[in-house]
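The next block holds one structure in the form of structure tokens; read it before the comments.
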Amino acid sequence: MTDDFEGRLEEHLAATASRMPPDLRRSILEEFPGHGQAGPRPPWLGRIGRLSFAAGVLAAVIVAVVNAPLIFDRTGLGPGGRPSNSPAFVWDAVLGFREFPIQSNPSMDAYGNQSVWSYLHAAGGVHDPTRYVRFTEFDGGARDAWVDAAHDGLAVGFVLGDDALTLQPWGRGPTETEAAIVAWRDPVGGPVAVSGVIEVDAACGDGIDVSIDQGGRPIEEFSLPNGTRAFDLAPEMSRGETLYVRVEPGSSGSADCDTTWLTLTVTR
Amino acid sequence: MDRDLVARAQRGDESAFGELVESVGDRLYAVAHHILRDSARADDAAQQAMIHVWRKLPTLNDPDRFLTWAYRIVVREALAEAASRRRWVMRVTLAGAERASDSVADHQRAFADRDELDRALGALRADHRAVVVLKHFAGLSNLEIADILGVPEGTVRSRLHYAMSSLRATLDAGGRPTASHREP
């Protein structure tokens, strides 16, 4: 039922709705030569698209040039074999997430190492990676998320609008839950700095249980009722060992308002 | 929405896609503009959204759901834009309009009301504003909004409740947003 305030709000939003500016509309339509206003235009990328593409190519070249010694020299030493003060490797869970149409699970890292990032789910099996199951279905329509048809809503993917991954656990009561998990497999081995932020709805729901495990051993474990919590860890990893960030519904087992935003950076 | 038109666009018919842009462009742009409240940023979000719509159109399973699906993409682009370049937008307030008295002429009062509501909307977090816009401008159900945002329906209900309470509280305070509701 619509009250006066809602009616006033709807009236306001309708009255202040902006129309697409004609030059923007023209610019979009001109990218598709089959439409009436076609001209001799470059390929379908628009003005912004072309600029973004050019900037992306330039950035890729710069990154490749700067990181070339590190990519090819996995010893962690800087250019010329001298120790470098800057971190040799940085793995970022958000940047490492591969979108449609190049999604893969597991997926490689930015240095070309295979099977570094994985997106998993699990019914129970806390601290027991043998019970974790890899997502196999991908929703690439718009949100880019690994999903599971058997558990509606369960997902690991991109959150809308934030520079974070979304972990959406699933639950239908205390004994029927499904955790959402992001895994990072160390391709090199040695000490790393693991940092990030976990955020869950500030007011709604009974929160989430979080566990950060090195293999099957918890190195950080907490319940997050609402809001944000940062973590900063320094585990010693073995080559091929895996770090898991696991999120599941709070004690009630309800996943309402349990959408979790995760930033995760591993630095060596 | 014309199902055949969407189906033709899905098969790569650029003319059909152009017709889609003509048909839904204003609605999609208005949603981006309501969320971002900045024309230049709404331009960027809308253009990027249309590129994504074109690129991902073949993955759309049900042409009947095109509009909801397109809303999802434009909201995503708008929220990404909001998150990547958060900044204060200078807001012009009408001199003397903040506290309209009984002696103010009707048209001035209406203008002041609009200004207060506008500032209250501007004080919401972008993701909460998106829920309000999808509900009260696009006229979508909570379930459709949940699908668009990729969150459970309960989360939509909570965000909507929180946003509407914030709007009412801000208006009750004379249009002055509380610090906790300001964008950083």
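Each chain in the structure tokens gets a letter, A, B, ..., in the order shown, and its residues are numbered from 1; ligands are numbered from 1 in order too.
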Interface list for chain B, partner chain A, 6 Å threshold, only C-alpha atoms, as a PyMOL selection string: chain B and resi 14-15+18+26+29-30+73+76+79-80+83+136-137+154-155
Generate the output file for the selected residues, C-alpha atoms, as a CSV table (one decimal), in the first residue's frame.
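Generated output (again-v8.csv):
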```csv
chain,number,residue,atom,x,y,z
B,14,GLU,CA,22.5,-3.8,-35.0
B,15,SER,CA,19.4,-2.0,-36.3
B,18,GLY,CA,19.4,0.7,-32.1
B,26,ASP,CA,15.6,7.2,-21.4
B,29,TYR,CA,19.6,6.7,-18.3
B,30,ALA,CA,17.1,8.1,-15.7
B,73,ILE,CA,23.5,-3.8,-16.0
B,76,ARG,CA,25.8,-2.2,-11.8
B,79,LEU,CA,27.1,1.7,-8.5
B,80,ALA,CA,30.6,1.0,-9.9
B,83,ALA,CA,32.2,3.5,-5.8
B,136,HIS,CA,9.7,3.9,-6.6
B,137,PHE,CA,10.8,5.0,-10.0
B,154,GLY,CA,15.3,-10.0,2.6
B,155,THR,CA,18.3,-7.8,2.0
```
Excluding Ala146 of chain B and any residue of its chain fewer than 4 positions from it, enumerate the residues within 12 Å of it, using only C-alpha atoms, and give them as a VMD selection string. (chain A and resid 143 153 160 256 to 257 259) or (chain B and resid 68 to 69 71 to 72 130 to 131 134 to 135 140 to 142 150 to 160)
For the residues in that selection, give me N, CA and C atoms as a short mmCIF file (atom, residue, chain, number, x, y, z; two decimals), in the first residue's frame.
```cif
data_model
loop_
_atom_site.label_atom_id
_atom_site.label_comp_id
_atom_site.auth_asym_id
_atom_site.auth_seq_id
_atom_site.Cartn_x
_atom_site.Cartn_y
_atom_site.Cartn_z
N ARG A 143 26.03 -9.98 -13.40
CA ARG A 143 26.73 -9.81 -12.14
C ARG A 143 28.05 -10.57 -12.07
N GLY A 153 20.70 -18.53 -4.49
CA GLY A 153 21.29 -17.37 -3.82
C GLY A 153 22.75 -17.57 -3.46
N LEU A 160 27.88 -5.58 -6.72
CA LEU A 160 27.49 -4.46 -7.54
C LEU A 160 28.09 -3.18 -7.00
N ASP A 256 19.53 -14.43 5.47
CA ASP A 256 18.98 -13.10 5.20
C ASP A 256 20.00 -12.04 5.57
N CYS A 257 20.25 -11.13 4.68
CA CYS A 257 21.17 -10.00 4.90
C CYS A 257 22.61 -10.47 5.10
N THR A 259 24.78 -11.13 2.67
CA THR A 259 25.68 -10.79 1.57
C THR A 259 26.93 -10.15 2.15
N THR B 68 14.41 -5.98 -17.18
CA THR B 68 14.97 -6.22 -15.84
C THR B 68 16.47 -6.47 -15.94
N TRP B 69 16.84 -7.24 -16.94
CA TRP B 69 18.25 -7.56 -17.16
C TRP B 69 19.05 -6.29 -17.49
N TYR B 71 18.21 -3.25 -16.63
CA TYR B 71 18.28 -2.47 -15.39
C TYR B 71 19.45 -2.96 -14.54
N ARG B 72 19.59 -4.27 -14.51
CA ARG B 72 20.66 -4.85 -13.69
C ARG B 72 22.03 -4.33 -14.15
N ALA B 130 19.79 3.20 -4.92
CA ALA B 130 19.44 2.32 -6.05
C ALA B 130 18.18 1.53 -5.75
N VAL B 131 18.06 1.04 -4.52
CA VAL B 131 16.86 0.26 -4.16
C VAL B 131 15.63 1.15 -4.22
N LEU B 134 14.78 1.85 -7.93
CA LEU B 134 14.20 0.69 -8.61
C LEU B 134 12.78 0.42 -8.14
N LYS B 135 12.53 0.68 -6.86
CA LYS B 135 11.20 0.43 -6.31
C LYS B 135 10.22 1.54 -6.70
N LEU B 140 9.58 -1.69 -9.75
CA LEU B 140 9.86 -3.11 -9.72
C LEU B 140 9.49 -3.72 -8.36
N SER B 141 9.27 -5.02 -8.36
CA SER B 141 8.96 -5.73 -7.11
C SER B 141 10.26 -5.99 -6.34
N ASN B 142 10.12 -6.31 -5.06
CA ASN B 142 11.31 -6.62 -4.26
C ASN B 142 12.08 -7.80 -4.86
N GLY B 150 21.43 -8.92 -7.24
CA GLY B 150 22.14 -10.15 -6.89
C GLY B 150 22.21 -10.39 -5.40
N VAL B 151 21.18 -9.96 -4.69
CA VAL B 151 21.13 -10.17 -3.23
C VAL B 151 19.79 -10.82 -2.89
N PRO B 152 19.69 -11.44 -1.72
CA PRO B 152 18.40 -12.04 -1.33
C PRO B 152 17.32 -10.98 -1.16
N GLU B 153 16.07 -11.43 -1.28
CA GLU B 153 14.94 -10.51 -1.17
C GLU B 153 14.92 -9.84 0.21
N GLY B 154 15.32 -10.60 1.24
CA GLY B 154 15.35 -10.03 2.58
C GLY B 154 16.28 -8.84 2.69
N THR B 155 17.38 -8.90 1.96
CA THR B 155 18.34 -7.79 1.96
C THR B 155 17.71 -6.57 1.29
N VAL B 156 16.95 -6.81 0.23
CA VAL B 156 16.26 -5.69 -0.43
C VAL B 156 15.29 -5.03 0.53
N ARG B 157 14.52 -5.87 1.24
CA ARG B 157 13.54 -5.33 2.21
C ARG B 157 14.24 -4.49 3.27
N SER B 158 15.37 -5.00 3.75
CA SER B 158 16.06 -4.27 4.83
C SER B 158 16.65 -2.95 4.31
N ARG B 159 17.22 -3.00 3.09
CA ARG B 159 17.79 -1.77 2.54
C ARG B 159 16.70 -0.74 2.28
N LEU B 160 15.56 -1.24 1.79
CA LEU B 160 14.45 -0.34 1.49
C LEU B 160 13.92 0.29 2.78
#
```
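The list of residues with at least one atom within 9 Å of segment 219-223 of chain A, based on only C-alpha atoms and without residues fewer than 3 positions apart in the same chain, reads Gly207, Ile208, Asp209, Val210, Ser211, Ile212, Asp213, Gln214, Phe231, Leu233, Pro235 and Gly250 of chain A.
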Pick out the residues sitting within 12 Å of Glu176 of chain A, and hand them over as a ChimeraX atom specification; count only C-alpha atoms, and ignore anything fewer than 4 positions along from it in its own chain. /A:122-124,151,169-172,248-255
Selected residues written out, C-alpha atoms, as an mmCIF file, in the first residue's frame:
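Below you can see part39.cif, which holds the result:
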```
data_model
loop_
_atom_site.group_PDB
_atom_site.id
_atom_site.type_symbol
_atom_site.label_atom_id
_atom_site.label_comp_id
_atom_site.auth_asym_id
_atom_site.auth_seq_id
_atom_site.Cartn_x
_atom_site.Cartn_y
_atom_site.Cartn_z
ATOM 1 C CA ALA A 122 30.578 -26.441 1.528
ATOM 2 C CA ALA A 123 27.841 -27.893 3.709
ATOM 3 C CA GLY A 124 29.503 -28.070 7.107
ATOM 4 C CA HIS A 151 21.197 -23.565 -3.433
ATOM 5 C CA PRO A 169 26.293 -18.006 1.860
ATOM 6 C CA TRP A 170 23.076 -20.011 1.930
ATOM 7 C CA GLY A 171 21.003 -21.220 4.839
ATOM 8 C CA ARG A 172 17.669 -22.776 5.713
ATOM 9 C CA GLU A 248 28.638 -18.936 6.464
ATOM 10 C CA PRO A 249 25.350 -17.832 8.002
ATOM 11 C CA GLY A 250 25.238 -16.956 11.702
ATOM 12 C CA SER A 251 23.907 -19.245 14.409
ATOM 13 C CA SER A 252 20.278 -19.119 13.271
ATOM 14 C CA GLY A 253 21.260 -20.553 9.917
ATOM 15 C CA SER A 254 19.344 -17.820 8.118
ATOM 16 C CA ALA A 255 21.187 -16.194 5.214
#
```
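Residue neighbourhood of Glu241 of chain A, excluding near-sequence residues (fewer than 2 positions): Arg185, Asp186, Ser238 and Arg239 of chain A, at 6 Å, using only C-alpha atoms.
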Save out the residues we just selected, C-alpha atoms, as a JSON list (two decimals), in the first residue's frame.
```json
[["chain", "number", "residue", "atom", "x", "y", "z"],
["A", 185, "ARG", "CA", 46.80, -21.42, -3.56],
["A", 186, "ASP", "CA", 50.35, -20.24, -3.01],
["A", 238, "SER", "CA", 54.40, -23.78, 1.66],
["A", 239, "ARG", "CA", 54.39, -23.92, -2.10]]
```
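Distance-wise, atom CA of Gly215 of chain A and atom CA of Val197 of chain A end up 20.4 Å apart.
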Mind giving me the straight-line distance from atom CA of His128 of chain B to atom CA of Val182 of chain A in Å, one decimal? 26.5 Å
All helix (DSSP H, G or I) positions in segment 13-173 of chain B, as a ChimeraX atom specification: /B:14-36,39-59,63-84,106-122,126-136,142-149,153-172
File dump, residues just selected, C-alpha atoms, as a short mmCIF file (atom, residue, chain, number, x, y, z; two decimals), in the first residue's frame:
```
data_model
loop_
_atom_site.label_atom_id
_atom_site.label_comp_id
_atom_site.auth_asym_id
_atom_site.auth_seq_id
_atom_site.Cartn_x
_atom_site.Cartn_y
_atom_site.Cartn_z
CA GLU B 14 22.47 -3.77 -34.98
CA SER B 15 19.36 -2.04 -36.28
CA ALA B 16 17.24 -3.92 -33.73
CA PHE B 17 19.67 -2.97 -31.02
CA GLY B 18 19.37 0.67 -32.08
CA GLU B 19 15.60 0.40 -31.69
CA LEU B 20 16.09 -1.05 -28.22
CA VAL B 21 18.26 1.91 -27.27
CA GLU B 22 15.56 4.27 -28.53
CA SER B 23 12.93 2.34 -26.62
CA VAL B 24 14.53 1.95 -23.20
CA GLY B 25 17.41 4.44 -23.28
CA ASP B 26 15.59 7.17 -21.38
CA ARG B 27 14.44 4.82 -18.62
CA LEU B 28 17.90 3.33 -18.18
CA TYR B 29 19.55 6.73 -18.25
CA ALA B 30 17.11 8.11 -15.68
CA VAL B 31 17.91 5.26 -13.29
CA ALA B 32 21.65 5.92 -13.65
CA HIS B 33 21.12 9.64 -13.17
CA HIS B 34 18.93 9.17 -10.10
CA ILE B 35 21.57 6.93 -8.52
CA LEU B 36 24.58 9.05 -9.43
CA SER B 39 25.14 14.13 -15.51
CA ALA B 40 28.72 13.43 -16.60
CA ARG B 41 28.92 10.32 -14.45
CA ALA B 42 25.48 9.17 -15.58
CA ASP B 43 26.65 9.61 -19.20
CA ASP B 44 29.66 7.37 -18.54
CA ALA B 45 27.60 4.75 -16.70
CA ALA B 46 24.87 4.69 -19.36
CA GLN B 47 27.34 4.39 -22.22
CA GLN B 48 29.29 1.62 -20.53
CA ALA B 49 26.02 -0.12 -19.70
CA MET B 50 24.87 -0.06 -23.31
CA ILE B 51 28.22 -1.53 -24.42
CA HIS B 52 27.78 -4.33 -21.88
CA VAL B 53 24.18 -4.87 -22.94
CA TRP B 54 25.33 -5.31 -26.52
CA ARG B 55 28.23 -7.58 -25.54
CA LYS B 56 26.23 -9.79 -23.19
CA LEU B 57 22.92 -9.82 -24.99
CA PRO B 58 23.55 -13.30 -26.48
CA THR B 59 23.76 -14.70 -22.92
CA PRO B 63 14.05 -12.14 -24.08
CA ASP B 64 10.97 -11.30 -21.99
CA ARG B 65 13.26 -10.39 -19.13
CA PHE B 66 15.29 -7.93 -21.19
CA LEU B 67 14.27 -4.80 -19.31
CA THR B 68 14.97 -6.22 -15.84
CA TRP B 69 18.25 -7.56 -17.16
CA ALA B 70 19.17 -4.19 -18.67
CA TYR B 71 18.28 -2.47 -15.39
CA ARG B 72 20.66 -4.85 -13.69
CA ILE B 73 23.50 -3.83 -15.97
CA VAL B 74 22.89 -0.10 -15.73
CA VAL B 75 22.56 -0.27 -11.92
CA ARG B 76 25.77 -2.20 -11.75
CA GLU B 77 27.56 0.40 -13.88
CA ALA B 78 26.07 3.25 -11.86
CA LEU B 79 27.10 1.72 -8.55
CA ALA B 80 30.56 0.96 -9.90
CA GLU B 81 30.83 4.57 -10.97
CA ALA B 82 29.64 5.71 -7.54
CA ALA B 83 32.19 3.53 -5.79
CA SER B 84 35.13 4.38 -8.02
CA ASP B 106 2.52 27.72 -3.26
CA HIS B 107 4.97 27.37 -6.11
CA GLN B 108 7.86 28.34 -3.85
CA ARG B 109 6.74 25.82 -1.25
CA ALA B 110 6.56 23.08 -3.85
CA PHE B 111 10.02 24.01 -5.04
CA ALA B 112 11.37 23.93 -1.49
CA ASP B 113 9.73 20.53 -0.85
CA ARG B 114 11.34 19.18 -3.95
CA ASP B 115 14.70 20.57 -2.90
CA GLU B 116 14.45 18.96 0.54
CA LEU B 117 13.45 15.60 -0.89
CA ASP B 118 16.24 15.87 -3.41
CA ARG B 119 18.80 16.55 -0.71
CA ALA B 120 17.43 13.72 1.40
CA LEU B 121 17.87 11.35 -1.55
CA GLY B 122 21.38 12.69 -2.08
CA ALA B 126 24.30 4.97 -3.48
CA ASP B 127 23.31 1.31 -3.01
CA HIS B 128 20.35 2.32 -0.83
CA ARG B 129 19.37 5.00 -3.33
CA ALA B 130 19.44 2.32 -6.05
CA VAL B 131 16.86 0.26 -4.16
CA VAL B 132 14.62 3.29 -3.73
CA VAL B 133 14.92 4.22 -7.41
CA LEU B 134 14.20 0.69 -8.61
CA LYS B 135 11.20 0.43 -6.31
CA HIS B 136 9.67 3.87 -6.57
CA ASN B 142 11.31 -6.62 -4.26
CA LEU B 143 11.95 -9.95 -5.98
CA GLU B 144 12.91 -8.26 -9.24
CA ILE B 145 15.17 -5.83 -7.37
CA ALA B 146 16.82 -8.75 -5.56
CA ASP B 147 17.48 -10.35 -8.94
CA ILE B 148 18.93 -7.12 -10.31
CA LEU B 149 21.21 -6.52 -7.35
CA GLU B 153 14.94 -10.51 -1.17
CA GLY B 154 15.35 -10.03 2.58
CA THR B 155 18.34 -7.79 1.96
CA VAL B 156 16.26 -5.69 -0.43
CA ARG B 157 13.54 -5.33 2.21
CA SER B 158 16.06 -4.27 4.83
CA ARG B 159 17.79 -1.77 2.54
CA LEU B 160 14.45 -0.34 1.49
CA HIS B 161 13.29 -0.03 5.06
CA TYR B 162 16.55 1.60 6.08
CA ALA B 163 16.51 3.99 3.12
CA MET B 164 12.91 5.07 3.63
CA SER B 165 13.49 5.59 7.36
CA SER B 166 16.54 7.69 6.54
CA LEU B 167 14.59 9.76 4.03
CA ARG B 168 11.81 10.42 6.52
CA ALA B 169 14.32 11.24 9.27
CA THR B 170 16.22 13.64 7.04
CA LEU B 171 13.02 15.40 6.00
CA ASP B 172 11.88 15.58 9.63
#
```
I need the residues of segment 148-247 of chain A that end up classed as strand (DSSP E or B) by DSSP on the backbone, written out as a ChimeraX atom specification. /A:155-158,165-168,170-172,177-185,190-191,193-200,208-214,217-224,227-233,236-237,242-247
Could you check how far atom CA of Gly189 of chain A sits from atom CA of Leu120 of chain A, in Å to one decimal?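 Between atom CA of Gly189 of chain A and atom CA of Leu120 of chain A the gap works out to 22.1 Å.
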Kindly indicate which residue among A:Val147, A:Ala230, A:Val90, A:Leu224 lies nearest to Gly196 of chain A, using only C-alpha atoms for the distances.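 Among the listed residues, A:Ala230 lies closest to Gly196 of chain A.
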Would you mind telling me which residue in A:Asn113, A:Thr242, A:Ser104, A:Thr177 lies nearest to Gly216 of chain A when using only C-alpha atoms?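 Using only C-alpha atoms, the shortest distance to Gly216 of chain A belongs to A:Thr242.
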